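Enquirer: This is start01.pdb, which holds PDB, C-alpha atoms, pLDDT in the B column:
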```pdb
ATOM      1  CA  ILE D   1       0.000   0.000   0.000  1.00 81.00           C
ATOM      2  CA  SER D   2       1.069   3.576  -0.466  1.00 86.00           C
ATOM      3  CA  ALA D   3       2.275   5.782   2.378  1.00 83.00           C
ATOM      4  CA  GLU D   4      -0.915   7.850   2.220  1.00 86.00           C
ATOM      5  CA  GLN D   5      -3.061   4.722   2.501  1.00 89.00           C
ATOM      6  CA  PHE D   6      -0.963   3.559   5.447  1.00 85.00           C
ATOM      7  CA  TYR D   7      -1.475   6.847   7.307  1.00 87.00           C
ATOM      8  CA  ASN D   8      -5.204   6.780   6.582  1.00 84.00           C
ATOM      9  CA  LEU D   9      -5.395   3.203   7.827  1.00 85.00           C
ATOM     10  CA  SER D  10      -3.552   4.117  11.012  1.00 87.00           C
ATOM     11  CA  ARG D  11      -6.227   6.745  11.733  1.00 87.00           C
ATOM     12  CA  LEU D  12      -8.680   3.888  12.359  1.00 87.00           C
ATOM     13  CA  ALA D  13      -6.878   3.403  15.676  1.00 88.00           C
ATOM     14  CA  GLN D  14      -8.341   6.774  16.702  1.00 88.00           C
ATOM     15  CA  ASP D  15     -11.823   6.455  15.234  1.00 88.00           C
ATOM     16  CA  PRO D  16     -14.502   8.202  17.326  1.00 91.00           C
ATOM     17  CA  VAL D  17     -16.478   4.934  17.615  1.00 93.00           C
ATOM     18  CA  ILE D  18     -14.899   2.614  20.194  1.00 92.00           C
ATOM     19  CA  GLN D  19     -16.184  -0.555  18.488  1.00 94.00           C
ATOM     20  CA  VAL D  20     -14.324   0.411  15.309  1.00 93.00           C
ATOM     21  CA  ARG D  21     -11.113   0.890  17.295  1.00 92.00           C
ATOM     22  CA  GLU D  22     -11.562  -2.437  19.111  1.00 93.00           C
ATOM     23  CA  ILE D  23     -12.219  -4.413  15.936  1.00 94.00           C
ATOM     24  CA  PHE D  24      -9.355  -2.678  14.126  1.00 93.00           C
ATOM     25  CA  MET D  25      -6.876  -3.526  16.885  1.00 93.00           C
ATOM     26  CA  GLN D  26      -8.079  -7.143  16.964  1.00 93.00           C
ATOM     27  CA  LYS D  27      -7.717  -7.489  13.189  1.00 93.00           C
ATOM     28  CA  LEU D  28      -4.329  -5.776  13.300  1.00 92.00           C
ATOM     29  CA  ASN D  29      -3.122  -8.202  15.966  1.00 92.00           C
ATOM     30  CA  LYS D  30      -4.423 -11.177  13.998  1.00 91.00           C
ATOM     31  CA  GLY D  31      -2.761  -9.968  10.804  1.00 91.00           C
ATOM     32  CA  LEU D  32       0.582  -9.377  12.515  1.00 89.00           C
ATOM     33  CA  THR D  33       0.835 -12.686  14.362  1.00 86.00           C
ATOM     34  CA  ARG D  34      -0.553 -15.213  11.894  1.00 86.00           C
ATOM     35  CA  GLY D  35       1.713 -16.956   9.431  1.00 79.00           C
ATOM     36  CA  LEU D  36       4.974 -15.433  10.588  1.00 75.00           C
ATOM     37  CA  PRO D  37       7.142 -14.542   8.630  1.00 72.00           C
ATOM     38  CA  ASN D  38       5.725 -14.779   5.108  1.00 74.00           C
ATOM     39  CA  LYS D  39       1.959 -14.721   5.491  1.00 82.00           C
ATOM     40  CA  CYS D  40       1.590 -11.967   8.056  1.00 84.00           C
ATOM     41  CA  LEU D  41       1.377  -8.203   7.776  1.00 86.00           C
ATOM     42  CA  PRO D  42       4.719  -6.418   7.451  1.00 85.00           C
ATOM     43  CA  LEU D  43       6.435  -5.044  10.528  1.00 85.00           C
ATOM     44  CA  ASP D  44       5.383  -1.510   9.482  1.00 86.00           C
ATOM     45  CA  PHE D  45       1.868  -2.159  10.731  1.00 89.00           C
ATOM     46  CA  MET D  46       3.045  -2.908  14.254  1.00 90.00           C
ATOM     47  CA  GLY D  47       3.947   0.774  14.577  1.00 88.00           C
ATOM     48  CA  ILE D  48       0.223   1.581  14.571  1.00 89.00           C
ATOM     49  CA  PHE D  49       0.060   0.213  18.111  1.00 88.00           C
ATOM     50  CA  ALA D  50       1.920   3.391  19.170  1.00 88.00           C
ATOM     51  CA  LEU D  51      -1.360   5.244  18.743  1.00 88.00           C
ATOM     52  CA  ALA D  52      -2.870   3.055  21.455  1.00 87.00           C
ATOM     53  CA  GLY D  53      -0.896   5.080  23.983  1.00 85.00           C
ATOM     54  CA  LEU D  54      -3.205   7.983  23.172  1.00 85.00           C
ATOM     55  CA  GLU D  55      -6.310   5.817  23.695  1.00 85.00           C
ATOM     56  CA  THR D  56      -8.851   7.250  26.139  1.00 87.00           C
ATOM     57  CA  ASP D  57     -10.522   3.925  26.965  1.00 91.00           C
ATOM     58  CA  LYS D  58      -8.369   2.186  29.583  1.00 92.00           C
ATOM     59  CA  LYS D  59      -9.548  -1.335  28.682  1.00 94.00           C
ATOM     60  CA  LEU D  60      -8.755  -0.883  24.986  1.00 93.00           C
ATOM     61  CA  ARG D  61      -5.386   0.705  25.803  1.00 92.00           C
ATOM     62  CA  THR D  62      -4.485  -2.307  27.972  1.00 93.00           C
ATOM     63  CA  THR D  63      -5.706  -4.762  25.333  1.00 94.00           C
ATOM     64  CA  SER D  64      -3.669  -3.003  22.632  1.00 92.00           C
ATOM     65  CA  LYS D  65      -0.601  -3.043  24.863  1.00 92.00           C
ATOM     66  CA  ASN D  66      -1.067  -6.791  25.379  1.00 94.00           C
ATOM     67  CA  PHE D  67      -1.426  -7.276  21.606  1.00 93.00           C
ATOM     68  CA  LEU D  68       1.840  -5.398  21.080  1.00 90.00           C
ATOM     69  CA  ASN D  69       3.648  -7.401  23.750  1.00 91.00           C
ATOM     70  CA  PHE D  70       2.326 -10.663  22.289  1.00 91.00           C
ATOM     71  CA  GLY D  71       3.455  -9.692  18.788  1.00 89.00           C
ATOM     72  CA  ILE D  72       6.909  -8.720  20.034  1.00 88.00           C
ATOM     73  CA  SER D  73       7.361 -11.949  22.009  1.00 90.00           C
ATOM     74  CA  LYS D  74       6.149 -14.057  19.068  1.00 89.00           C
ATOM     75  CA  ARG D  75       8.623 -12.373  16.723  1.00 87.00           C
ATOM     76  CA  ARG D  76      11.486 -12.733  19.216  1.00 87.00           C
ATOM     77  CA  ASP D  77      10.711 -16.433  19.606  1.00 88.00           C
ATOM     78  CA  PHE D  78      10.726 -16.827  15.834  1.00 86.00           C
ATOM     79  CA  VAL D  79      14.091 -15.058  15.589  1.00 83.00           C
ATOM     80  CA  LYS D  80      15.545 -17.340  18.294  1.00 86.00           C
ATOM     81  CA  ASN D  81      14.382 -20.401  16.388  1.00 84.00           C
ATOM     82  CA  VAL D  82      15.828 -19.109  13.119  1.00 80.00           C
ATOM     83  CA  ILE D  83      19.190 -18.348  14.722  1.00 80.00           C
ATOM     84  CA  MET D  84      19.332 -21.728  16.453  1.00 83.00           C
ATOM     85  CA  THR D  85      18.563 -23.593  13.224  1.00 80.00           C
ATOM     86  CA  GLY D  86      21.033 -21.515  11.223  1.00 74.00           C
ATOM     87  CA  GLY D  87      18.440 -20.020   8.874  1.00 65.00           C
ATOM     88  CA  VAL D  88      20.097 -16.593   8.787  1.00 62.00           C
ATOM     89  CA  GLY D  89      22.294 -15.453   5.937  1.00 58.00           C
ATOM     90  CA  ASP D  90      22.406 -16.370   2.257  1.00 54.00           C
ATOM     91  CA  GLY D  91      19.040 -17.738   1.210  1.00 57.00           C
ATOM     92  CA  GLY D  92      17.781 -17.559   4.784  1.00 64.00           C
ATOM     93  CA  VAL D  93      15.439 -15.211   6.573  1.00 68.00           C
ATOM     94  CA  ASP D  94      16.129 -11.461   6.505  1.00 71.00           C
ATOM     95  CA  LEU D  95      15.703 -10.494  10.142  1.00 72.00           C
ATOM     96  CA  THR D  96      15.199  -6.787   9.430  1.00 71.00           C
ATOM     97  CA  TYR D  97      11.622  -7.624   8.435  1.00 74.00           C
ATOM     98  CA  ILE D  98      10.977  -9.615  11.603  1.00 78.00           C
ATOM     99  CA  LEU D  99      12.958  -8.118  14.490  1.00 79.00           C
ATOM    100  CA  PRO D 100      10.592  -6.181  16.760  1.00 79.00           C
ATOM    101  CA  ASP D 101      13.298  -3.574  17.402  1.00 80.00           C
ATOM    102  CA  TYR D 102      12.465  -2.001  14.040  1.00 83.00           C
ATOM    103  CA  ILE D 103       8.946  -1.135  15.212  1.00 83.00           C
ATOM    104  CA  LEU D 104      10.266   2.100  16.670  1.00 86.00           C
ATOM    105  CA  VAL D 105      10.977   3.538  13.225  1.00 85.00           C
ATOM    106  CA  PHE D 106       7.385   3.004  12.127  1.00 85.00           C
ATOM    107  CA  ALA D 107       5.938   4.165  15.449  1.00 87.00           C
ATOM    108  CA  VAL D 108       7.706   7.512  15.069  1.00 88.00           C
ATOM    109  CA  VAL D 109       6.376   7.909  11.525  1.00 85.00           C
ATOM    110  CA  VAL D 110       2.811   7.079  12.587  1.00 86.00           C
ATOM    111  CA  LEU D 111       2.970   9.522  15.487  1.00 87.00           C
ATOM    112  CA  ALA D 112       4.530  12.241  13.308  1.00 87.00           C
ATOM    113  CA  HIS D 113       1.588  12.030  10.899  1.00 84.00           C
ATOM    114  CA  ASP D 114      -1.013  12.058  13.655  1.00 81.00           C
ATOM    115  CA  PRO D 115      -2.781  15.445  13.623  1.00 80.00           C
ATOM    116  CA  ASN D 116      -3.436  15.240  17.391  1.00 76.00           C
ATOM    117  CA  PHE D 117       0.155  14.561  18.402  1.00 69.00           C
TER     118      PHE D 117
END
```
Kindly present the structure from the file in structure tokens form.
Expert:
Amino acid sequence: ISAEQFYNLSRLAQDPVIQVREIFMQKLNKGLTRGLPNKCLPLDFMGIFALAGLETDKKLRTTSKNFLNFGISKRRDFVKNVIMTGGVGDGGVDLTYILPDYILVFAVVVLAHDPNF
């Protein structure tokens, strides 16, 4: 998707209707954690969880934080398994698309394009 579409999609995390925000976060979590590494959403989308810090509903903020923590731990476990099996390097998995450390780059971009931030 284009950058503009990505920013518009990230605005769903701040929709005025709480049910829209809840469903969006659930779908985002599902898309990020299923089929790792090839059949899931790219790491870019995990940066959208940064907008959950601005969430006014405490329950949804906690749920989003748990989704983020789950996604990070799942990716770290996958990286450990890849390293232990020797799947890194030529013809192996490119960890820059999986390592949760790279979320920060996308979180900053999402927050920078947020009109309320």
Enquirer: Would you kindly return, as a list in words, each protein, DNA or RNA residue with an atom no farther than 12 Å from any atom of range 17-23 of chain D, considering all atoms listed in the file and excluding same-chain residues fewer than 5 positions away?
Expert: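 Non-adjacent residues within range: Leu9, Ser10, Arg11, Leu12, Leu28, Asn29, Lys30, Ile48, Phe49, Leu51, Ala52, Glu55, Thr56, Asp57, Lys58, Lys59, Leu60, Arg61, Thr62, Thr63, Ser64 and Phe67 of chain D.
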Enquirer: For this structure, which residues satisfy the selection - the PyMOL selection byres ((chain D and resi 79) around 12) - when it is evaluated on the file as given? I want them as an NGL selection string.
Expert: :D and (36-37 or 72-78 or 80-88 or 92-101)
Enquirer: Go through the shown structure with the PyMOL selection byres ((chain D and resi 105) around 12) and write out the matching residues as a list of chain:residue names.
Expert: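 Selected by the PyMOL selection byres ((chain D and resi 105) around 12) here: D:Leu43, D:Asp44, D:Phe45, D:Met46, D:Gly47, D:Ile48, D:Ala50, D:Thr96, D:Leu99, D:Pro100, D:Asp101, D:Tyr102, D:Ile103, D:Leu104, D:Phe106, D:Ala107, D:Val108, D:Val109, D:Val110, D:Leu111, D:Ala112.
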Enquirer: Distance CA of Gly71 in chain D-CA of Gly53 in chain D, one decimal place?
Expert: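 Here the two named atoms are 16.3 Å from each other.
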Enquirer: Output as AutoDock Vina command-line options the centre and edge lengths (Å, one decimal) of the box along x, y and z of the file that holds every listed atom of range 9-23 of chain D after adding 3 Å on each side.
Expert:
```
--center_x -10.0 --center_y 1.9 --center_z 14.0 --size_x 18.9 --size_y 18.6 --size_z 18.4
```
Enquirer: What does the distance from CA of Asn8 in chain D to CA of Arg34 in chain D come to in Å, to one decimal?
Expert: 23.1 Å
Enquirer: By how many Å are CA of Gly31 in chain D and CA of Glu4 in chain D apart?
Expert: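 CA of Glu4 in chain D lies at a distance of 19.9 Å from CA of Gly31 in chain D.
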Enquirer: Between D:Asp114, D:Gln5, D:Lys39, D:Phe70, single out the one closest to Leu54 in chain D, counting all atoms listed in the file.
Expert: D:Asp114
Enquirer: Kindly indicate which residue among D:Tyr7, D:Met25, D:Gly35, D:Leu41 lies nearest to Leu68 in chain D, using all atoms listed in the file for the distances.
Expert: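 So, comparing all the options, the nearest one is D:Met25.
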Enquirer: With N, CA, C and O atoms as the target, complete range 44-57 of chain D and hand it back as a PDB file, in the coordinates of the input.
Expert:
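Once everything was written out, this is out10.pdb:
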```pdb
ATOM      1  N   ASP D  44       5.831  -2.907   9.509  1.00 86.00           N
ATOM      2  CA  ASP D  44       5.383  -1.510   9.482  1.00 86.00           C
ATOM      3  C   ASP D  44       4.089  -1.324  10.274  1.00 86.00           C
ATOM      4  O   ASP D  44       3.919  -0.341  10.987  1.00 86.00           O
ATOM      5  N   PHE D  45       3.186  -2.287  10.128  1.00 89.00           N
ATOM      6  CA  PHE D  45       1.868  -2.159  10.731  1.00 89.00           C
ATOM      7  C   PHE D  45       1.907  -2.241  12.260  1.00 89.00           C
ATOM      8  O   PHE D  45       0.987  -1.778  12.921  1.00 89.00           O
ATOM      9  N   MET D  46       2.944  -2.820  12.809  1.00 90.00           N
ATOM     10  CA  MET D  46       3.045  -2.908  14.254  1.00 90.00           C
ATOM     11  C   MET D  46       3.255  -1.522  14.873  1.00 90.00           C
ATOM     12  O   MET D  46       2.910  -1.290  16.027  1.00 90.00           O
ATOM     13  N   GLY D  47       3.771  -0.590  14.099  1.00 88.00           N
ATOM     14  CA  GLY D  47       3.947   0.774  14.577  1.00 88.00           C
ATOM     15  C   GLY D  47       2.634   1.480  14.881  1.00 88.00           C
ATOM     16  O   GLY D  47       2.594   2.451  15.645  1.00 88.00           O
ATOM     17  N   ILE D  48       1.536   0.984  14.321  1.00 89.00           N
ATOM     18  CA  ILE D  48       0.223   1.581  14.571  1.00 89.00           C
ATOM     19  C   ILE D  48      -0.161   1.428  16.044  1.00 89.00           C
ATOM     20  O   ILE D  48      -0.897   2.247  16.592  1.00 89.00           O
ATOM     21  N   PHE D  49       0.363   0.403  16.697  1.00 88.00           N
ATOM     22  CA  PHE D  49       0.060   0.213  18.111  1.00 88.00           C
ATOM     23  C   PHE D  49       0.566   1.386  18.961  1.00 88.00           C
ATOM     24  O   PHE D  49       0.134   1.553  20.103  1.00 88.00           O
ATOM     25  N   ALA D  50       1.445   2.211  18.431  1.00 88.00           N
ATOM     26  CA  ALA D  50       1.920   3.391  19.170  1.00 88.00           C
ATOM     27  C   ALA D  50       0.776   4.358  19.436  1.00 88.00           C
ATOM     28  O   ALA D  50       0.785   5.077  20.440  1.00 88.00           O
ATOM     29  N   LEU D  51      -0.209   4.365  18.552  1.00 88.00           N
ATOM     30  CA  LEU D  51      -1.360   5.244  18.743  1.00 88.00           C
ATOM     31  C   LEU D  51      -2.239   4.790  19.903  1.00 88.00           C
ATOM     32  O   LEU D  51      -3.039   5.565  20.416  1.00 88.00           O
ATOM     33  N   ALA D  52      -2.082   3.555  20.326  1.00 87.00           N
ATOM     34  CA  ALA D  52      -2.870   3.055  21.455  1.00 87.00           C
ATOM     35  C   ALA D  52      -2.484   3.761  22.754  1.00 87.00           C
ATOM     36  O   ALA D  52      -3.273   3.800  23.693  1.00 87.00           O
ATOM     37  N   GLY D  53      -1.304   4.325  22.804  1.00 85.00           N
ATOM     38  CA  GLY D  53      -0.896   5.080  23.983  1.00 85.00           C
ATOM     39  C   GLY D  53      -1.719   6.341  24.181  1.00 85.00           C
ATOM     40  O   GLY D  53      -1.808   6.875  25.278  1.00 85.00           O
ATOM     41  N   LEU D  54      -2.343   6.803  23.109  1.00 85.00           N
ATOM     42  CA  LEU D  54      -3.205   7.983  23.172  1.00 85.00           C
ATOM     43  C   LEU D  54      -4.666   7.610  23.393  1.00 85.00           C
ATOM     44  O   LEU D  54      -5.530   8.488  23.410  1.00 85.00           O
ATOM     45  N   GLU D  55      -4.935   6.323  23.528  1.00 85.00           N
ATOM     46  CA  GLU D  55      -6.310   5.817  23.695  1.00 85.00           C
ATOM     47  C   GLU D  55      -6.910   6.305  25.002  1.00 85.00           C
ATOM     48  O   GLU D  55      -6.264   6.265  26.049  1.00 85.00           O
ATOM     49  N   THR D  56      -8.171   6.756  24.940  1.00 87.00           N
ATOM     50  CA  THR D  56      -8.851   7.250  26.139  1.00 87.00           C
ATOM     51  C   THR D  56      -9.509   6.132  26.945  1.00 87.00           C
ATOM     52  O   THR D  56      -9.654   6.258  28.151  1.00 87.00           O
ATOM     53  N   ASP D  57      -9.900   5.047  26.278  1.00 91.00           N
ATOM     54  CA  ASP D  57     -10.522   3.925  26.965  1.00 91.00           C
ATOM     55  C   ASP D  57      -9.436   3.037  27.567  1.00 91.00           C
ATOM     56  O   ASP D  57      -8.611   2.473  26.845  1.00 91.00           O
TER      57      ASP D  57
END
```
